Every structure is written in structure tokens, then in C-alpha cells.
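Novice: I'm passing along model_12.pdb; it holds PDB, C-alpha atoms.
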ATOM      1  CA  MET B 392     -19.022 -35.856  50.376
ATOM      2  CA  ASN B 393     -22.627 -34.758  50.081
ATOM      3  CA  ALA B 394     -24.764 -31.637  50.007
ATOM      4  CA  THR B 395     -24.649 -31.267  53.763
ATOM      5  CA  ASP B 396     -20.907 -31.537  53.972
ATOM      6  CA  PRO B 397     -19.748 -28.270  55.549
ATOM      7  CA  THR B 398     -16.495 -28.444  53.607
ATOM      8  CA  VAL B 399     -18.310 -28.044  50.321
ATOM      9  CA  ILE B 400     -18.130 -24.555  49.034
ATOM     10  CA  ASP B 401     -21.153 -23.416  47.129
ATOM     11  CA  PRO B 402     -20.281 -22.766  43.530
ATOM     12  CA  PRO B 403     -20.664 -19.171  42.448
ATOM     13  CA  ALA B 404     -23.849 -18.184  40.711
ATOM     14  CA  THR B 405     -22.053 -18.267  37.435
ATOM     15  CA  THR B 406     -19.276 -20.672  36.694
ATOM     16  CA  THR B 407     -18.138 -18.867  33.581
ATOM     17  CA  PRO B 408     -15.019 -16.944  34.436
ATOM     18  CA  PRO B 409     -14.997 -13.336  33.359
ATOM     19  CA  PRO B 410     -13.313 -12.881  30.027
ATOM     20  CA  ALA B 411      -9.683 -12.079  30.184
ATOM     21  CA  PRO B 412      -8.931  -8.556  29.100
ATOM     22  CA  ALA B 413      -7.936  -8.329  25.477
ATOM     23  CA  PRO B 414      -4.192  -8.174  25.138
ATOM     24  CA  THR B 415      -3.046  -4.642  24.572
ATOM     25  CA  ALA B 416      -0.987  -4.324  21.439
ATOM     26  CA  ASP B 417       2.408  -2.878  22.066
ATOM     27  CA  LEU B 418       2.292  -0.096  19.536
ATOM     28  CA  MET B 419       6.056   0.273  19.665
ATOM     29  CA  SER B 420       6.544  -3.325  18.588
ATOM     30  CA  GLU B 421       7.178  -4.230  14.989
ATOM     31  CA  PRO B 422       3.799  -4.960  13.372
ATOM     32  CA  THR B 423       3.052  -7.989  11.271
ATOM     33  CA  PHE B 424       2.279  -7.629   7.599
ATOM     34  CA  GLU B 425      -1.331  -8.492   8.432
ATOM     35  CA  GLU B 426      -1.581  -5.660  10.963
ATOM     36  CA  CYS B 427      -0.185  -3.246   8.407
ATOM     37  CA  ILE B 428      -2.718  -4.383   5.816
ATOM     38  CA  GLU B 429      -5.542  -3.845   8.303
ATOM     39  CA  GLU B 430      -4.380  -0.296   9.039
ATOM     40  CA  ARG B 431      -4.128   0.419   5.319
ATOM     41  CA  ASN B 432      -7.615  -0.991   4.831
ATOM     42  CA  ARG B 433      -8.866   1.469   7.461
ATOM     43  CA  TYR B 434      -7.190   4.271   5.551
ATOM     44  CA  ASP B 435      -8.847   3.184   2.312
ATOM     45  CA  ASN B 436     -12.226   2.795   3.984
ATOM     46  CA  ASP B 437     -11.951   6.298   5.446
ATOM     47  CA  LEU B 438     -10.795   7.680   2.119
ATOM     48  CA  THR B 439     -13.641   6.058   0.207
ATOM     49  CA  ALA B 440     -16.191   7.235   2.764
ATOM     50  CA  GLY B 441     -14.949  10.807   2.479
ATOM     51  CA  ARG B 442     -13.848  10.910   6.128
ATOM     52  CA  LEU B 443     -10.365  12.181   5.294
ATOM     53  CA  SER B 444      -9.701  15.749   4.314
ATOM     54  CA  PHE B 445      -6.539  16.931   2.640
ATOM     55  CA  ALA B 446      -7.548  20.563   2.952
ATOM     56  CA  GLY B 447      -4.627  22.709   3.985
ATOM     57  CA  ILE B 448      -2.059  20.069   3.076
ATOM     58  CA  PRO B 449       0.280  21.307   0.351
ATOM     59  CA  GLU B 450       0.024  19.307  -2.838
ATOM     60  CA  GLY B 451       3.123  17.174  -3.130
ATOM     61  CA  HIS B 452       3.239  16.281   0.557
ATOM     62  CA  HIS B 453       2.986  12.752   1.806
ATOM     63  CA  VAL B 454       0.445  12.230   4.577
ATOM     64  CA  ALA B 455       0.837  10.077   7.688
ATOM     65  CA  TYR B 456      -2.278   8.275   8.905
ATOM     66  CA  PHE B 457      -2.839   6.297  12.064
ATOM     67  CA  GLY B 458      -5.851   5.447  14.197
ATOM     68  CA  GLY B 459      -8.429   6.943  11.905
ATOM     69  CA  ARG B 460      -6.917  10.326  11.156
ATOM     70  CA  ILE B 461      -4.162  12.081   9.301
ATOM     71  CA  ILE B 462      -1.663  13.026  11.951
ATOM     72  CA  ASP B 463       1.027  14.816   9.948
ATOM     73  CA  HIS B 464       2.315  15.621   6.490
ATOM     74  CA  ASP B 465       5.628  16.488   4.884
ATOM     75  CA  ALA B 466       7.283  16.645   1.494
ATOM     76  CA  ASP B 467       9.988  14.261   2.692
ATOM     77  CA  TYR B 468       8.888  10.659   3.195
ATOM     78  CA  MET B 469      11.511   9.620   5.729
ATOM     79  CA  THR B 470      11.275  12.816   7.767
ATOM     80  CA  LEU B 471       7.526  12.442   7.978
ATOM     81  CA  GLN B 472       7.707   8.785   8.938
ATOM     82  CA  ALA B 473      10.141   9.398  11.772
ATOM     83  CA  ARG B 474       8.395  12.488  13.119
ATOM     84  CA  ALA B 475       4.887  11.042  12.953
ATOM     85  CA  ALA B 476       5.918   7.767  14.577
ATOM     86  CA  GLN B 477       7.526   9.614  17.455
ATOM     87  CA  ALA B 478       4.552  11.917  17.905
ATOM     88  CA  ALA B 479       2.069   9.036  17.843
ATOM     89  CA  GLY B 480       4.229   6.754  19.987
ATOM     90  CA  VAL B 481       4.066   3.876  17.537
ATOM     91  CA  HIS B 482       6.480   1.780  15.518
ATOM     92  CA  TRP B 483       7.036   3.536  12.214
ATOM     93  CA  ALA B 484       5.753   0.570  10.233
ATOM     94  CA  ARG B 485       2.326   0.954  11.843
ATOM     95  CA  LEU B 486       1.808   4.246  10.039
ATOM     96  CA  VAL B 487       0.212   4.566   6.656
ATOM     97  CA  ILE B 488       2.353   6.939   4.650
ATOM     98  CA  ASN B 489       0.528   7.806   1.487
ATOM     99  CA  TYR B 490       0.914  10.154  -1.406
ATOM    100  CA  PRO B 491      -2.651  11.094  -2.316
ATOM    101  CA  TRP B 492      -1.962  13.449  -5.216
ATOM    102  CA  MET B 493      -2.091  10.910  -8.001
ATOM    103  CA  TRP B 494      -4.321  12.808 -10.383
TER     104      TRP B 494
ATOM    105  CA  MET Z 324      -6.803 -20.266  -9.393
ATOM    106  CA  PRO Z 325      -5.251 -18.212  -6.577
ATOM    107  CA  ALA Z 326      -6.337 -14.589  -6.554
ATOM    108  CA  PHE Z 327      -6.698 -11.605  -4.304
ATOM    109  CA  ASP Z 328      -9.053  -8.669  -4.336
ATOM    110  CA  LEU Z 329      -7.505  -5.366  -5.240
ATOM    111  CA  ILE Z 330      -8.246  -2.097  -3.517
ATOM    112  CA  VAL Z 331     -10.265   0.174  -5.779
ATOM    113  CA  ARG Z 332      -9.157   3.544  -4.510
ATOM    114  CA  PRO Z 333     -10.960   6.772  -5.400
ATOM    115  CA  LEU Z 334      -8.791   9.711  -6.299
ATOM    116  CA  PRO Z 335      -9.047  12.516  -3.749
ATOM    117  CA  VAL Z 336     -10.726  14.897  -6.139
ATOM    118  CA  GLY Z 337     -14.402  15.694  -6.468
ATOM    119  CA  ALA Z 338     -17.110  15.329  -3.889
ATOM    120  CA  PRO Z 339     -17.584  12.531  -2.987
ATOM    121  CA  PRO Z 340     -13.934  11.650  -3.609
ATOM    122  CA  GLY Z 341     -13.206  10.193  -7.008
ATOM    123  CA  GLU Z 342     -16.539  11.234  -8.443
ATOM    124  CA  LEU Z 343     -17.116  13.855 -11.121
ATOM    125  CA  ILE Z 344     -20.781  14.782 -11.225
ATOM    126  CA  LEU Z 345     -21.920  15.744 -14.702
ATOM    127  CA  ASP Z 346     -23.976  18.888 -15.099
ATOM    128  CA  PRO Z 347     -25.960  18.443 -17.155
ATOM    129  CA  PRO Z 348     -25.955  14.641 -17.205
ATOM    130  CA  VAL Z 349     -26.116  12.879 -20.508
ATOM    131  CA  PRO Z 350     -28.479   9.986 -21.176
ATOM    132  CA  GLY Z 351     -27.426   7.019 -19.058
ATOM    133  CA  LEU Z 352     -24.515   8.822 -17.454
ATOM    134  CA  ASN Z 353     -24.537  11.282 -14.575
ATOM    135  CA  ARG Z 354     -21.075  10.797 -13.128
ATOM    136  CA  VAL Z 355     -17.566   9.763 -14.047
ATOM    137  CA  LEU Z 356     -15.570   7.729 -11.537
ATOM    138  CA  LEU Z 357     -11.847   8.162 -10.983
ATOM    139  CA  ARG Z 358     -10.287   5.015  -9.601
ATOM    140  CA  ARG Z 359      -6.912   3.389  -9.241
ATOM    141  CA  LEU Z 360      -6.189  -0.252  -8.535
ATOM    142  CA  VAL Z 361      -3.901  -0.780  -5.582
ATOM    143  CA  CYS Z 362      -2.428  -3.799  -3.849
ATOM    144  CA  ARG Z 363      -0.212  -4.165  -0.782
ATOM    145  CA  LEU Z 364       3.475  -4.852  -1.131
ATOM    146  CA  ARG Z 365       6.207  -5.930   1.199
ATOM    147  CA  VAL Z 366       9.872  -6.745   0.948
ATOM    148  CA  PRO Z 367      10.716  -9.237   3.671
ATOM    149  CA  PRO Z 368      12.283  -8.825   6.147
ATOM    150  CA  VAL Z 369      11.657  -5.084   6.022
ATOM    151  CA  PRO Z 370       8.605  -4.437   8.189
ATOM    152  CA  GLY Z 371       5.555  -2.648   6.957
ATOM    153  CA  ALA Z 372       3.198  -2.713   4.028
ATOM    154  CA  TYR Z 373       3.377  -0.391   1.071
ATOM    155  CA  ASP Z 374       0.867   0.459  -1.595
ATOM    156  CA  ALA Z 375       1.559  -0.408  -5.205
ATOM    157  CA  VAL Z 376      -0.537   0.972  -8.045
ATOM    158  CA  LEU Z 377      -1.254  -1.440 -10.879
ATOM    159  CA  ASP Z 378      -0.527   0.403 -14.100
ATOM    160  CA  THR Z 379      -0.302  -1.589 -17.297
ATOM    161  CA  GLY Z 380       0.473   1.686 -19.062
ATOM    162  CA  ALA Z 381       3.819   1.837 -17.289
ATOM    163  CA  PRO Z 382       6.279  -0.321 -19.216
ATOM    164  CA  LEU Z 383       8.161  -1.406 -16.081
ATOM    165  CA  THR Z 384       7.703  -1.511 -12.331
ATOM    166  CA  ILE Z 385       9.063   1.588 -10.599
ATOM    167  CA  PHE Z 386      10.290   1.938  -7.038
ATOM    168  CA  PRO Z 387      10.699   5.479  -5.720
ATOM    169  CA  ARG Z 388      14.034   6.380  -4.206
ATOM    170  CA  ASP Z 389      12.464   6.967  -0.812
ATOM    171  CA  LEU Z 390      11.579   3.281  -0.670
ATOM    172  CA  TRP Z 391      14.336   1.363  -2.436
ATOM    173  CA  HIS Z 392      17.199   3.461  -1.114
ATOM    174  CA  HIS Z 393      16.070   4.899   2.220
ATOM    175  CA  GLN Z 394      13.464   2.434   3.443
ATOM    176  CA  PHE Z 395      14.568  -0.900   1.997
ATOM    177  CA  LYS Z 396      18.255   0.069   1.887
ATOM    178  CA  TRP Z 397      18.815  -1.973  -1.246
ATOM    179  CA  GLN Z 398      22.438  -2.229  -2.326
ATOM    180  CA  VAL Z 399      23.789  -3.186  -5.704
ATOM    181  CA  GLY Z 400      25.328  -6.651  -5.743
ATOM    182  CA  ARG Z 401      23.484  -7.680  -2.603
ATOM    183  CA  ASP Z 402      19.833  -6.844  -3.221
ATOM    184  CA  TYR Z 403      19.826  -6.159  -6.943
ATOM    185  CA  ASP Z 404      21.914  -6.460 -10.082
ATOM    186  CA  GLU Z 405      22.334  -3.278 -12.021
ATOM    187  CA  LEU Z 406      21.600  -3.766 -15.719
ATOM    188  CA  SER Z 407      23.561  -1.935 -18.368
ATOM    189  CA  VAL Z 408      21.921  -1.160 -21.698
ATOM    190  CA  ALA Z 409      23.960  -1.475 -24.882
ATOM    191  CA  GLY Z 410      24.968   1.927 -26.137
ATOM    192  CA  ILE Z 411      23.473   3.746 -23.150
ATOM    193  CA  GLY Z 412      24.875   2.388 -19.933
ATOM    194  CA  SER Z 413      23.194   1.941 -16.601
ATOM    195  CA  THR Z 414      21.596   5.337 -15.998
ATOM    196  CA  LEU Z 415      18.498   5.983 -18.049
ATOM    197  CA  THR Z 416      15.773   8.575 -18.198
ATOM    198  CA  GLY Z 417      12.140   7.691 -17.747
ATOM    199  CA  GLN Z 418       8.851   9.498 -17.939
ATOM    200  CA  VAL Z 419       5.534   8.366 -16.526
ATOM    201  CA  LEU Z 420       2.429  10.153 -15.214
ATOM    202  CA  GLY Z 421       4.063  13.527 -15.709
ATOM    203  CA  TYR Z 422       7.236  12.627 -13.811
ATOM    204  CA  ARG Z 423      10.521  12.801 -15.671
ATOM    205  CA  TYR Z 424      13.401  11.224 -13.824
ATOM    206  CA  SER Z 425      16.591   9.231 -14.091
ATOM    207  CA  PHE Z 426      16.717   5.669 -12.915
ATOM    208  CA  ARG Z 427      18.897   2.634 -12.798
ATOM    209  CA  LEU Z 428      17.615  -0.505 -14.413
ATOM    210  CA  ALA Z 429      17.746  -3.442 -12.040
ATOM    211  CA  ARG Z 430      16.915  -7.072 -11.534
ATOM    212  CA  LEU Z 431      16.077  -7.707  -7.912
ATOM    213  CA  ARG Z 432      17.780 -10.437  -5.922
ATOM    214  CA  VAL Z 433      15.249 -10.030  -3.141
ATOM    215  CA  PRO Z 434      11.667 -11.242  -3.465
ATOM    216  CA  VAL Z 435       8.746  -8.862  -3.447
ATOM    217  CA  GLU Z 436       5.418 -10.030  -2.088
ATOM    218  CA  LEU Z 437       2.017  -8.728  -3.137
ATOM    219  CA  ALA Z 438      -1.247  -9.056  -1.234
ATOM    220  CA  GLY Z 439      -4.780  -7.811  -1.568
ATOM    221  CA  ARG Z 440      -7.329  -6.449   0.848
ATOM    222  CA  ASP Z 441      -7.670  -9.621   2.905
ATOM    223  CA  PRO Z 442      -4.842  -9.794   5.471
ATOM    224  CA  LYS Z 443      -5.068 -13.572   5.465
ATOM    225  CA  GLY Z 444      -5.610 -13.914   1.733
ATOM    226  CA  GLU Z 445      -3.413 -15.265  -1.008
ATOM    227  CA  ARG Z 446       0.009 -13.746  -1.610
ATOM    228  CA  LEU Z 447       1.891 -13.395  -4.849
ATOM    229  CA  ARG Z 448       5.660 -13.655  -4.655
ATOM    230  CA  LEU Z 449       7.694 -11.983  -7.365
ATOM    231  CA  ASP Z 450      11.231 -13.253  -7.813
ATOM    232  CA  SER Z 451      13.884 -11.619  -9.977
ATOM    233  CA  LEU Z 452      11.659  -8.641 -10.742
ATOM    234  CA  VAL Z 453      13.077  -6.391 -13.435
ATOM    235  CA  CYS Z 454      12.324  -2.819 -12.496
ATOM    236  CA  GLN Z 455      13.337   0.792 -12.413
ATOM    237  CA  LEU Z 456      14.958   2.173  -9.283
ATOM    238  CA  ALA Z 457      14.056   5.814  -9.655
ATOM    239  CA  GLU Z 458      16.164   8.690  -8.465
ATOM    240  CA  ALA Z 459      14.735  11.817  -6.880
ATOM    241  CA  GLY Z 460      12.061  13.378  -9.038
ATOM    242  CA  GLY Z 461      10.446  10.097  -9.965
ATOM    243  CA  PRO Z 462       6.928   9.063  -8.985
ATOM    244  CA  PRO Z 463       6.665   9.013  -5.172
ATOM    245  CA  PHE Z 464       4.798   5.708  -5.124
ATOM    246  CA  VAL Z 465       5.330   2.180  -6.402
ATOM    247  CA  LEU Z 466       3.973   1.476  -9.850
ATOM    248  CA  LEU Z 467       3.592  -2.116 -10.978
ATOM    249  CA  GLY Z 468       4.330  -1.987 -14.684
ATOM    250  CA  LEU Z 469       3.567  -4.315 -17.525
ATOM    251  CA  TRP Z 470       6.813  -6.164 -18.154
ATOM    252  CA  GLY Z 471       9.406  -7.628 -15.848
ATOM    253  CA  GLY Z 472       7.414  -9.952 -13.629
ATOM    254  CA  ALA Z 473       4.391  -8.242 -12.098
ATOM    255  CA  PHE Z 474       1.800  -8.957 -14.794
ATOM    256  CA  THR Z 475       3.176 -11.819 -16.834
ATOM    257  CA  SER Z 476       1.050 -14.960 -16.390
ATOM    258  CA  ARG Z 477      -1.546 -13.022 -14.364
ATOM    259  CA  ARG Z 478      -5.121 -12.105 -15.112
ATOM    260  CA  LEU Z 479      -6.517  -8.747 -14.098
ATOM    261  CA  ALA Z 480     -10.279  -8.995 -13.730
ATOM    262  CA  VAL Z 481     -12.316  -5.798 -13.442
ATOM    263  CA  GLU Z 482     -16.033  -6.274 -12.875
ATOM    264  CA  PRO Z 483     -18.992  -3.970 -12.277
ATOM    265  CA  LEU Z 484     -20.369  -3.981  -8.760
ATOM    266  CA  PRO Z 485     -23.958  -5.235  -8.603
ATOM    267  CA  ASN Z 486     -26.469  -2.438  -9.196
ATOM    268  CA  SER Z 487     -23.716   0.143  -9.446
ATOM    269  CA  ASP Z 488     -21.479   1.817 -11.982
ATOM    270  CA  ASP Z 489     -18.542   1.285  -9.640
ATOM    271  CA  ILE Z 490     -16.079  -1.559 -10.056
ATOM    272  CA  SER Z 491     -14.345  -4.338  -8.204
ATOM    273  CA  ALA Z 492     -11.089  -5.892  -9.296
ATOM    274  CA  ARG Z 493      -8.916  -8.876  -8.544
ATOM    275  CA  LEU Z 494      -5.609 -10.231  -9.641
ATOM    276  CA  GLU Z 495      -5.495 -13.916 -10.529
ATOM    277  CA  PHE Z 496      -2.219 -15.792 -10.699
TER     278      PHE Z 496
END
Show the structure stored in the file as C-alpha cells.

Specialist:
Amino acid sequence: MNATDPTVIDPPATTTPPPAPAPTADLMSEPTFEECIEERNRYDNDLTAGRLSFAGIPEGHHVAYFGGRIIDHDADYMTLQARAAQAAGVHWARLVINYPWMW
Amino acid sequence: MPAFDLIVRPLPVGAPPGELILDPPVPGLNRVLLRRLVCRLRVPPVPGAYDAVLDTGAPLTIFPRDLWHHQFKWQVGRDYDELSVAGIGSTLTGQVLGYRYSFRLARLRVPVELAGRDPKGERLRLDSLVCQLAEAGGPPFVLLGLWGGAFTSRRLAVEPLPNSDDISARLEF
């Protein structure tokens, strides 16, 4: 086979295949401990940077955080966890449930 | 020596959070920082991570009822042994950080695992932790107290951040 062989197909301009799309995390799946730590790190980074506001949240309520924002709050931990997970469409363990009133 | 970095969490008071600006300042001091040291906790095989506040002022580790009873579903004889105190029994009253509550004294049969900020960092496994299982009205967060397994044979290192009055902290074990 040589360069004039009509059966040779010219290689494409780039031989690097396009990157495969990043796998989409199934947010309803049970997260690993590492994933949970990363979400809690985001919460702490947002808290430290002053990006989270607890204004309007009654003192004594737990807050539910996911994806960069506080999505719900409630005085009852388990009620909040179940309601927030359903509303966000995620496995409950992916939420950060925190009690911020430790003063 | 294995170690992990702790989360130095500002309290959500002041602006910026965890910062009390002095007015007027005093020589060499213009703010007071309010911080707590936090690590991540899990109880395999229960999914999720939970925050635990390191508090050497608390005599024992405390689990709130929401976690040990509702979330972890710990049962006496399977997940913990209930400890009875001579002359008192097995239900005691505790007080910490303004919370006054009843609790059962327990030694866990299940391991508890602690981690720091790095998801792939070192882990500290606590076996046979002696702790308080608080009833309703207790602190609504996990406190890692002085005795019973969380701090014994560990070193808590708190250092100033370079060019700052803020701090970093790590737990060595």
C-alpha cells in the first residue's frame, strides 16, 4: 500500500478523538464519603467567604445546603433532610445539614 | 506521623462572619476572631459525612439524638453497650454549651471514622468510643470530647497563618 493507493483513507486533520463527555453523576445514587467531604468543603468555603446568609432563618433551625446555596431549613433534622432531598432531587446523603447557631 | 487538616470554621456572627471588629482598636489588636475546629465524621456503612466539633472542654464525646437514633439507628446490644454508673444507673444528666439534657452513657461497638478537609487524606478510626448518646434537648451537633477515645494519644496543633492573625489546625495521631 502506498500514498497513491485509492483504498487509503486520508487521516482526519486531527487524530485526537474528541474528549468523551464527563460522566454525569447520578445525584440520586448514594455518594461516597469523599463526595460528601467535597460538598461540605464547598459549604465551609462559602461560609468563610460570607456567601451564605442566614437572614430570615429562625435561630434553632438546621439548614440544608446543596450546590452552593441553602435550599431549606427546619427545626427538625430528619424532616428537613427528607424534604430538601426530595425538592433537590438528590440522595439525602449529598446534602449538607448544618446547625449554624453555635455561638 | 499521620495527620489531617481541620476545618477552621468561622461562627456566623459579625461581618465578615466570625469577626468582631473592635471600635476603637487597641494597640496591636483590631479584631477578635471566633472560630471552631471541625472535622468530618462517618459511621460506616451509613452513608454521608457529618461534622464534629473538637471541644476539649467537653468531658466526653456527644452524639445528638437526631444522629445516633434516627440517622444511624444505633441499637443497644448491637451497636453500643449501655453503661450503668454505680449509684446512679444508666440515665444521666449533662450540661454543655448551654444545653442541659439527659443522656445514656455508652461504649460503641461500631467504629467511627474521622477525616479532615482533604477527601483523600488520612483517616482516624475510633474503636470502642465511650460517649454520651444525648436525648432530645442536647446539643444538635456532634462534639468530640476530651476523654473516651477521640483525643487520647493525639496531638492538636493550632498554628498562626502566615502574615495573618487567623489560624490553621491539624490533628496528629

Novice: Name every residue that the PyMOL selection byres ((chain Z and resi 459) around 12) selects in this structure, writing the answer as a VMD selection string with chains first and numbers rising.

Specialist: (chain B and resid 467 to 468) or (chain Z and resid 386 to 393 416 to 417 422 to 427 456 to 458 460 to 464)

Novice: Could you list, as a list in words, the residues of chain Z having an atom within 7 Å of chain B when counting all atoms listed in the file?

Specialist: Arg332, Pro333, Leu334, Pro335, Pro339, Pro340, Pro370, Gly371, Ala372, Asp389, Arg440, Pro442, Lys443, Pro463 and Phe464 of chain Z

Novice: One decimal, in Å: what's the spacing between CA of Ser491 in chain Z and CA of Asp328 in chain Z?

Specialist: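 Pair CA of Ser491 in chain Z / CA of Asp328 in chain Z returns 7.9 Å.
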
Novice: Under the rule that all atoms listed in the file are counted, which of Z:Glu436, Z:Trp397, Z:Leu415, Z:Asp488 is the nearest residue to Arg358 in chain Z?

Specialist: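 For Arg358 in chain Z, the nearest of the candidates is Z:Asp488.
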
Novice: Convert the output of the PyMOL selection byres ((chain Z and resi 377) around 7) on the shown file into explicit residues, formatted as an MDAnalysis selection string.

Specialist: chainID Z and resid 360:361 375:376 378:379 466:468

Novice: CA of Ile385 in chain Z and CA of Gly421 in chain Z, how far apart in Å?

Specialist: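 Atom-to-atom, CA of Gly421 in chain Z to CA of Ile385 in chain Z, that is 13.9 Å.
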
Novice: Just the number, please: distance in Å from CA of Leu329 in chain Z to CA of Phe395 in chain Z, one decimal.

Specialist: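 Calculated distance between CA of Leu329 in chain Z and CA of Phe395 in chain Z is 23.7 Å.
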
Novice: Could you give me range 328-341 of chain Z completed to N, CA and C atoms, formatted as a CSV table (one decimal), in the coordinates of the input?

Specialist:
chain,number,residue,atom,x,y,z
Z,328,ASP,N,-8.3,-9.9,-4.0
Z,328,ASP,CA,-9.1,-8.7,-4.3
Z,328,ASP,C,-8.2,-7.4,-4.2
Z,329,LEU,N,-8.3,-6.6,-5.2
Z,329,LEU,CA,-7.5,-5.4,-5.2
Z,329,LEU,C,-8.3,-4.3,-4.5
Z,330,ILE,N,-7.6,-3.3,-4.1
Z,330,ILE,CA,-8.2,-2.1,-3.5
Z,330,ILE,C,-8.6,-1.1,-4.7
Z,331,VAL,N,-9.8,-0.8,-4.8
Z,331,VAL,CA,-10.3,0.2,-5.8
Z,331,VAL,C,-10.3,1.5,-5.1
Z,332,ARG,N,-9.3,2.3,-5.3
Z,332,ARG,CA,-9.2,3.5,-4.5
Z,332,ARG,C,-9.7,4.8,-5.3
Z,333,PRO,N,-10.5,5.5,-4.7
Z,333,PRO,CA,-11.0,6.8,-5.4
Z,333,PRO,C,-9.9,7.8,-5.3
Z,334,LEU,N,-9.7,8.6,-6.4
Z,334,LEU,CA,-8.8,9.7,-6.3
Z,334,LEU,C,-9.4,10.8,-5.4
Z,335,PRO,N,-8.5,11.5,-4.7
Z,335,PRO,CA,-9.0,12.5,-3.7
Z,335,PRO,C,-9.4,13.8,-4.4
Z,336,VAL,N,-10.2,13.7,-5.5
Z,336,VAL,CA,-10.7,14.9,-6.1
Z,336,VAL,C,-12.2,14.7,-6.3
Z,337,GLY,N,-13.0,15.8,-6.4
Z,337,GLY,CA,-14.4,15.7,-6.5
Z,337,GLY,C,-15.0,15.5,-5.1
Z,338,ALA,N,-16.3,15.6,-5.1
Z,338,ALA,CA,-17.1,15.3,-3.9
Z,338,ALA,C,-18.4,14.6,-4.3
Z,339,PRO,N,-18.5,13.3,-3.8
Z,339,PRO,CA,-17.6,12.5,-3.0
Z,339,PRO,C,-16.3,12.3,-3.7
Z,340,PRO,N,-15.2,11.8,-3.0
Z,340,PRO,CA,-13.9,11.6,-3.6
Z,340,PRO,C,-14.0,10.7,-4.8
Z,341,GLY,N,-13.3,11.1,-5.8
Z,341,GLY,CA,-13.2,10.2,-7.0
Z,341,GLY,C,-14.5,10.2,-7.8
